[in-house]
$ cat data-v4.json   # JSON, C-alpha atoms
[["chain", "number", "residue", "atom", "x", "y", "z"],
["A", 676, "MET", "CA", -179.22, 121.44, -100.43],
["A", 677, "GLY", "CA", -177.91, 124.29, -102.50],
["A", 678, "GLY", "CA", -179.66, 126.15, -105.24],
["A", 679, "LYS", "CA", -179.21, 125.13, -108.83],
["A", 680, "GLY", "CA", -178.84, 127.48, -111.70],
["A", 681, "GLY", "CA", -178.67, 131.21, -111.75],
["A", 682, "GLY", "CA", -175.96, 133.71, -112.02],
["A", 683, "GLY", "CA", -172.29, 133.81, -112.61],
["A", 684, "LYS", "CA", -169.70, 134.34, -109.96],
["A", 685, "GLY", "CA", -169.99, 138.12, -110.05],
["A", 686, "PRO", "CA", -167.23, 140.59, -110.76],
["A", 687, "SER", "CA", -163.75, 139.18, -111.01],
["A", 688, "PRO", "CA", -161.15, 140.27, -108.46],
["A", 689, "ASN", "CA", -159.41, 143.49, -109.42],
["A", 690, "ARG", "CA", -156.79, 145.82, -108.09],
["A", 691, "HIS", "CA", -159.37, 147.83, -106.11],
["A", 692, "LEU", "CA", -159.92, 144.94, -103.73],
["A", 693, "SER", "CA", -157.86, 144.63, -100.56],
["A", 694, "PHE", "CA", -155.37, 141.85, -100.03],
["A", 695, "HIS", "CA", -157.83, 140.31, -97.56],
["A", 696, "GLN", "CA", -160.69, 140.38, -100.11],
["A", 697, "ARG", "CA", -158.52, 138.86, -102.85],
["A", 698, "ARG", "CA", -157.41, 136.04, -100.56],
["A", 699, "LEU", "CA", -160.99, 135.24, -99.55],
["A", 700, "LEU", "CA", -162.12, 135.28, -103.19],
["A", 701, "ALA", "CA", -159.28, 132.93, -104.11],
["A", 702, "ILE", "CA", -160.33, 130.51, -101.36],
["A", 703, "LEU", "CA", -163.99, 130.77, -102.39],
["A", 704, "SER", "CA", -163.00, 130.04, -106.00],
["A", 705, "GLU", "CA", -161.27, 126.82, -104.90],
["A", 706, "PHE", "CA", -164.49, 125.69, -103.22],
["A", 707, "GLU", "CA", -166.56, 126.67, -106.25],
["A", 708, "ALA", "CA", -164.28, 124.52, -108.41],
["A", 709, "ASP", "CA", -164.85, 121.59, -106.03],
["A", 710, "ASP", "CA", -168.63, 122.02, -106.39],
["A", 711, "GLY", "CA", -168.88, 120.76, -109.95],
["A", 712, "ASN", "CA", -172.68, 120.55, -109.78],
["A", 713, "GLY", "CA", -173.28, 124.14, -108.70],
["A", 714, "TRP", "CA", -175.27, 122.93, -105.69],
["A", 715, "PHE", "CA", -173.86, 125.54, -103.34],
["A", 716, "GLN", "CA", -173.66, 128.50, -105.74],
["A", 717, "SER", "CA", -177.06, 130.12, -105.29],
["A", 718, "GLU", "CA", -179.91, 130.36, -102.84],
["A", 719, "VAL", "CA", -182.15, 127.32, -102.47],
["A", 720, "ASP", "CA", -185.36, 127.72, -104.45],
["A", 721, "PRO", "CA", -188.29, 127.74, -101.98],
["A", 722, "GLN", "CA", -190.65, 126.62, -104.76],
["A", 723, "GLN", "CA", -188.58, 123.51, -105.37],
["A", 724, "TYR", "CA", -187.82, 122.83, -101.68],
["A", 725, "PRO", "CA", -190.75, 124.26, -99.65],
["A", 726, "ASP", "CA", -189.62, 122.67, -96.37],
["A", 727, "TYR", "CA", -186.08, 124.09, -96.54],
["A", 728, "ALA", "CA", -186.85, 127.27, -94.58],
["A", 729, "ALA", "CA", -188.42, 125.24, -91.76],
["A", 730, "LYS", "CA", -185.31, 123.05, -91.43],
["A", 731, "ILE", "CA", -182.57, 125.63, -92.09],
["A", 732, "GLN", "CA", -182.53, 128.72, -89.88],
["A", 733, "GLN", "CA", -179.52, 130.48, -91.47],
["A", 734, "PRO", "CA", -179.29, 129.86, -95.22],
["A", 735, "MET", "CA", -175.89, 130.50, -96.82],
["A", 736, "TRP", "CA", -174.55, 129.94, -100.34],
["A", 737, "PHE", "CA", -171.45, 130.85, -102.37],
["A", 738, "ALA", "CA", -172.95, 133.87, -104.16],
["A", 739, "LYS", "CA", -173.91, 135.37, -100.79],
["A", 740, "VAL", "CA", -170.41, 134.74, -99.43],
["A", 741, "ARG", "CA", -168.95, 136.39, -102.57],
["A", 742, "GLU", "CA", -171.24, 139.40, -102.08],
["A", 743, "LYS", "CA", -170.13, 139.73, -98.45],
["A", 744, "ILE", "CA", -166.48, 139.59, -99.53],
["A", 745, "LEU", "CA", -166.98, 142.26, -102.19],
["A", 746, "GLN", "CA", -168.83, 144.46, -99.68],
["A", 747, "ASN", "CA", -165.94, 143.91, -97.24],
["A", 748, "LEU", "CA", -168.29, 142.60, -94.54],
["A", 749, "TYR", "CA", -165.90, 140.02, -93.09],
["A", 750, "GLN", "CA", -164.04, 141.59, -90.19],
["A", 751, "ASN", "CA", -161.82, 138.55, -89.79],
["A", 752, "PHE", "CA", -161.09, 135.18, -91.32],
["A", 753, "GLU", "CA", -163.10, 133.28, -88.73],
["A", 754, "GLN", "CA", -166.33, 134.98, -89.90],
["A", 755, "PHE", "CA", -165.59, 133.87, -93.46],
["A", 756, "ARG", "CA", -164.72, 130.34, -92.36],
["A", 757, "ASN", "CA", -167.97, 130.15, -90.36],
["A", 758, "ASP", "CA", -170.08, 131.22, -93.35],
["A", 759, "MET", "CA", -168.32, 128.70, -95.58],
["A", 760, "GLY", "CA", -168.89, 126.00, -93.00],
["A", 761, "LEU", "CA", -172.55, 127.03, -92.77],
["A", 762, "VAL", "CA", -173.01, 126.45, -96.52],
["A", 763, "PHE", "CA", -172.08, 122.80, -96.03],
["A", 764, "ALA", "CA", -173.58, 122.31, -92.57],
["A", 765, "ASN", "CA", -176.94, 123.36, -94.01],
["A", 766, "ALA", "CA", -176.60, 120.80, -96.80],
["A", 767, "LEU", "CA", -175.69, 118.13, -94.25],
["A", 768, "THR", "CA", -178.74, 119.03, -92.15],
["A", 769, "TYR", "CA", -181.21, 119.10, -95.02],
["A", 770, "ASN", "CA", -180.09, 116.18, -97.20],
["A", 771, "LYS", "CA", -179.97, 112.45, -96.60],
["A", 772, "ARG", "CA", -176.66, 110.71, -95.97],
["A", 773, "GLU", "CA", -176.93, 108.53, -99.10],
["A", 774, "GLU", "CA", -177.34, 111.50, -101.47],
["A", 775, "ASP", "CA", -174.39, 112.74, -103.53],
["A", 776, "ILE", "CA", -174.83, 116.30, -102.29],
["A", 777, "PHE", "CA", -174.46, 115.08, -98.70],
["A", 778, "LYS", "CA", -171.18, 113.32, -99.50],
["A", 779, "ILE", "CA", -169.78, 116.37, -101.28],
["A", 780, "ALA", "CA", -170.97, 118.70, -98.51],
["A", 781, "GLU", "CA", -169.35, 116.46, -95.91],
["A", 782, "ARG", "CA", -165.99, 116.55, -97.72],
["A", 783, "LEU", "CA", -166.15, 120.31, -98.28],
["A", 784, "PHE", "CA", -167.22, 120.94, -94.69],
["A", 785, "GLN", "CA", -164.08, 119.15, -93.52],
["A", 786, "LYS", "CA", -162.07, 121.24, -95.96],
["A", 787, "THR", "CA", -163.38, 124.44, -94.31],
["A", 788, "ARG", "CA", -161.93, 123.30, -91.01],
["A", 789, "GLY", "CA", -158.46, 123.05, -92.59],
["A", 790, "MET", "CA", -158.48, 126.39, -94.41],
["A", 791, "PRO", "CA", -155.41, 128.47, -93.62],
["A", 792, "ASP", "CA", -155.87, 132.00, -92.34],
["A", 793, "PRO", "CA", -155.06, 134.29, -95.26],
["A", 794, "ASN", "CA", -153.23, 136.95, -93.30],
["A", 795, "PRO", "CA", -150.16, 137.77, -95.40],
["A", 796, "ALA", "CA", -147.57, 135.83, -93.38],
["A", 797, "ILE", "CA", -149.66, 132.68, -92.90],
["A", 798, "TRP", "CA", -151.08, 132.74, -96.42],
["A", 799, "LEU", "CA", -147.65, 133.24, -97.96],
["A", 800, "ARG", "CA", -146.36, 130.14, -96.17],
["A", 801, "TYR", "CA", -149.38, 128.14, -97.43],
["A", 802, "THR", "CA", -148.93, 129.49, -100.97],
["A", 803, "THR", "CA", -145.20, 128.77, -101.09],
["A", 804, "GLU", "CA", -145.89, 125.22, -99.90],
["A", 805, "LYS", "CA", -148.37, 124.82, -102.78],
["A", 806, "ILE", "CA", -145.84, 126.33, -105.20],
["A", 807, "GLY", "CA", -143.17, 124.02, -103.85],
["A", 808, "ARG", "CA", -145.36, 120.97, -104.52],
["A", 809, "ARG", "CA", -145.98, 122.11, -108.10],
["A", 810, "VAL", "CA", -142.28, 122.73, -108.69],
["A", 811, "LYS", "CA", -141.42, 119.36, -107.18],
["A", 812, "GLU", "CA", -143.89, 117.67, -109.55],
["A", 813, "LYS", "CA", -142.62, 119.50, -112.64],
["A", 814, "TRP", "CA", -138.91, 119.79, -111.87],
["A", 815, "PRO", "CA", -137.96, 117.27, -109.17],
["A", 816, "GLN", "CA", -134.26, 117.69, -109.97],
["A", 817, "TYR", "CA", -134.41, 121.28, -108.70],
["A", 818, "PHE", "CA", -136.48, 120.71, -105.61],
["A", 819, "SER", "CA", -135.42, 120.82, -101.99],
["A", 820, "THR", "CA", -137.22, 122.52, -99.12],
["A", 821, "PHE", "CA", -136.29, 126.01, -100.29],
["A", 822, "THR", "CA", -135.05, 125.37, -103.81],
["A", 823, "TYR", "CA", -138.11, 126.86, -105.45],
["A", 824, "THR", "CA", -137.22, 130.21, -103.87],
["A", 825, "ALA", "CA", -133.46, 129.93, -104.44],
["A", 826, "ASN", "CA", -133.85, 128.89, -108.08],
["A", 827, "MET", "CA", -135.99, 131.82, -109.17],
["A", 828, "GLY", "CA", -133.23, 132.50, -111.71],
["A", 829, "LEU", "CA", -133.94, 129.32, -113.70],
["A", 830, "PRO", "CA", -136.18, 130.49, -116.57],
["A", 831, "GLU", "CA", -138.66, 127.60, -116.56],
["A", 832, "ILE", "CA", -139.14, 127.71, -112.79],
["A", 833, "ARG", "CA", -139.25, 131.51, -112.76],
["A", 834, "ALA", "CA", -142.00, 131.60, -115.41],
["A", 835, "GLU", "CA", -144.07, 129.01, -113.53],
["A", 836, "LEU", "CA", -143.71, 130.76, -110.19],
["A", 837, "LEU", "CA", -144.46, 134.20, -111.60],
["A", 838, "GLY", "CA", -147.62, 132.81, -113.22],
["A", 839, "ILE", "CA", -148.77, 131.18, -109.99],
["A", 840, "LEU", "CA", -148.01, 134.31, -107.98],
["A", 841, "ALA", "CA", -149.79, 136.57, -110.48],
["A", 842, "ALA", "CA", -152.87, 134.34, -110.37],
["A", 843, "GLN", "CA", -152.87, 134.81, -106.60],
["A", 844, "GLY", "CA", -152.48, 138.59, -106.85],
["A", 845, "MET", "CA", -148.83, 138.53, -105.81],
["A", 846, "THR", "CA", -145.58, 139.63, -107.41],
["A", 847, "PHE", "CA", -141.90, 138.78, -107.16],
["A", 848, "THR", "CA", -139.01, 141.22, -107.33],
["A", 849, "GLU", "CA", -135.34, 140.48, -106.76],
["A", 850, "ARG", "CA", -135.00, 143.05, -103.97],
["A", 851, "VAL", "CA", -138.22, 142.41, -102.05],
["A", 852, "GLY", "CA", -139.05, 138.79, -102.78],
["A", 853, "ILE", "CA", -142.65, 137.62, -102.86],
["A", 854, "LYS", "CA", -145.24, 140.20, -101.77],
["A", 855, "ALA", "CA", -148.88, 141.07, -102.17],
["A", 856, "ALA", "CA", -149.53, 143.03, -105.34]]
$ encode --input "data-v4.json" --output "structure tokens"
Amino acid sequence: MGGKGGGGKGPSPNRHLSFHQRRLLAILSEFEADDGNGWFQSEVDPQQYPDYAAKIQQPMWFAKVREKILQNLYQNFEQFRNDMGLVFANALTYNKREEDIFKIAERLFQKTRGMPDPNPAIWLRYTTEKIGRRVKEKWPQYFSTFTYTANMGLPEIRAELLGILAAQGMTFTERVGIKAA
């Protein structure tokens, strides 16, 4: 079970964060959006759930993951993935199968297993696939496997792609192509 209430998501990503930190924060934000109830955002309240500490040996929650990202404590992606998985594994251990939180934790736990490694080359491929799907949905007449890259000159596609890239902390220039900002 995750903690309810308390605190925002902390400081927003800025230019002082490394590429690695920005990628991890972007992934964390996707999970936070999937947790519409805020169950996994903060530490479990021991007053409300006195038996939690006896059942869960390694508590983990989104705000703690965010803090570790901002403090640059993740040496590699696998450490981040493990902490994210722990958030949901704890919920699966503590809660009953018929509870909504269990069902959401189960789905999100599976999602952690499929997270792409955000090293620049792998993450860029994942991001361009996501961009390609969005372009295909909005402008199917322009889409082919690489059309979204080749058609950067079309104003409506260019604006969409630049917005998506900027939201991910990336830029596009004619000479270099897509790169980390």
$ axis_aligned_box --input "data-v4.json" --around "segment 724-739 of chain A" --padding-each-side "4 Å" --output "lines of an AutoDock Vina configuration file"
center_x = -181.1
center_y = 129.0
center_z = -97.0
size_x = 27.3
size_y = 20.7
size_z = 22.3
$ atom_distance --input "data-v4.json" --atom1 "atom CA of Phe784 of chain A" --atom2 "atom CA of Ala729 of chain A"
21.8 Å
$ atom_distance --input "data-v4.json" --atom1 "atom CA of Ala701 of chain A" --atom2 "atom CA of Asp720 of chain A"
26.6 Å
$ closest_residue --input "data-v4.json" --among "A:Asp726, A:Gln754, A:Arg741, A:Glu773" --to "Phe706 of chain A" --atoms "all atoms listed in the file"
A:Arg741
$ closest_residue --input "data-v4.json" --among "A:Met735, A:Val740, A:Ile702, A:Leu748" --to "Phe763 of chain A" --atoms "only C-alpha atoms"
A:Met735
$ residues_around --input "data-v4.json" --residues "Trp736 of chain A" --least-positions-apart "2" --cutoff "7 Å" --atoms "all atoms listed in the file" --output "compact mmCIF listing (two decimals) with C-alpha atoms, in the coordinates of the input"
# COMPACT_ATOMS: atom_id res chain seq x y z
CA GLY A 677 -177.91 124.29 -102.50
CA PHE A 715 -173.86 125.54 -103.34
CA GLN A 716 -173.66 128.50 -105.74
CA SER A 717 -177.06 130.12 -105.29
CA GLU A 718 -179.91 130.36 -102.84
CA PRO A 734 -179.29 129.86 -95.22
CA ALA A 738 -172.95 133.87 -104.16
CA LYS A 739 -173.91 135.37 -100.79
CA VAL A 740 -170.41 134.74 -99.43
CA VAL A 762 -173.01 126.45 -96.52
$ atom_distance --input "data-v4.json" --atom1 "atom CA of Gln723 of chain A" --atom2 "atom CA of Phe737 of chain A"
18.9 Å
$ residues_around --input "data-v4.json" --residues "Ala780 of chain A" --least-positions-apart "6" --cutoff "10 Å" --atoms "only C-alpha atoms" --output "mmCIF file with C-alpha atoms, keeping the file's coordinate frame"
data_model
loop_
_atom_site.group_PDB
_atom_site.id
_atom_site.type_symbol
_atom_site.label_atom_id
_atom_site.label_comp_id
_atom_site.auth_asym_id
_atom_site.auth_seq_id
_atom_site.Cartn_x
_atom_site.Cartn_y
_atom_site.Cartn_z
ATOM 1 C CA MET A 676 -179.220 121.440 -100.430
ATOM 2 C CA GLY A 677 -177.910 124.290 -102.500
ATOM 3 C CA ASP A 710 -168.630 122.020 -106.390
ATOM 4 C CA TRP A 714 -175.270 122.930 -105.690
ATOM 5 C CA PHE A 715 -173.860 125.540 -103.340
ATOM 6 C CA GLY A 760 -168.890 126.000 -93.000
ATOM 7 C CA VAL A 762 -173.010 126.450 -96.520
ATOM 8 C CA PHE A 763 -172.080 122.800 -96.030
ATOM 9 C CA ALA A 764 -173.580 122.310 -92.570
ATOM 10 C CA ASN A 765 -176.940 123.360 -94.010
ATOM 11 C CA ALA A 766 -176.600 120.800 -96.800
ATOM 12 C CA LEU A 767 -175.690 118.130 -94.250
ATOM 13 C CA ASN A 770 -180.090 116.180 -97.200
ATOM 14 C CA LYS A 786 -162.070 121.240 -95.960
#
$ residues_around --input "data-v4.json" --residues "Arg788 of chain A" --least-positions-apart "6" --cutoff "12 Å" --atoms "only C-alpha atoms" --output "number ranges by chain"
A: 752-753, 755-761, 763-764, 781-782
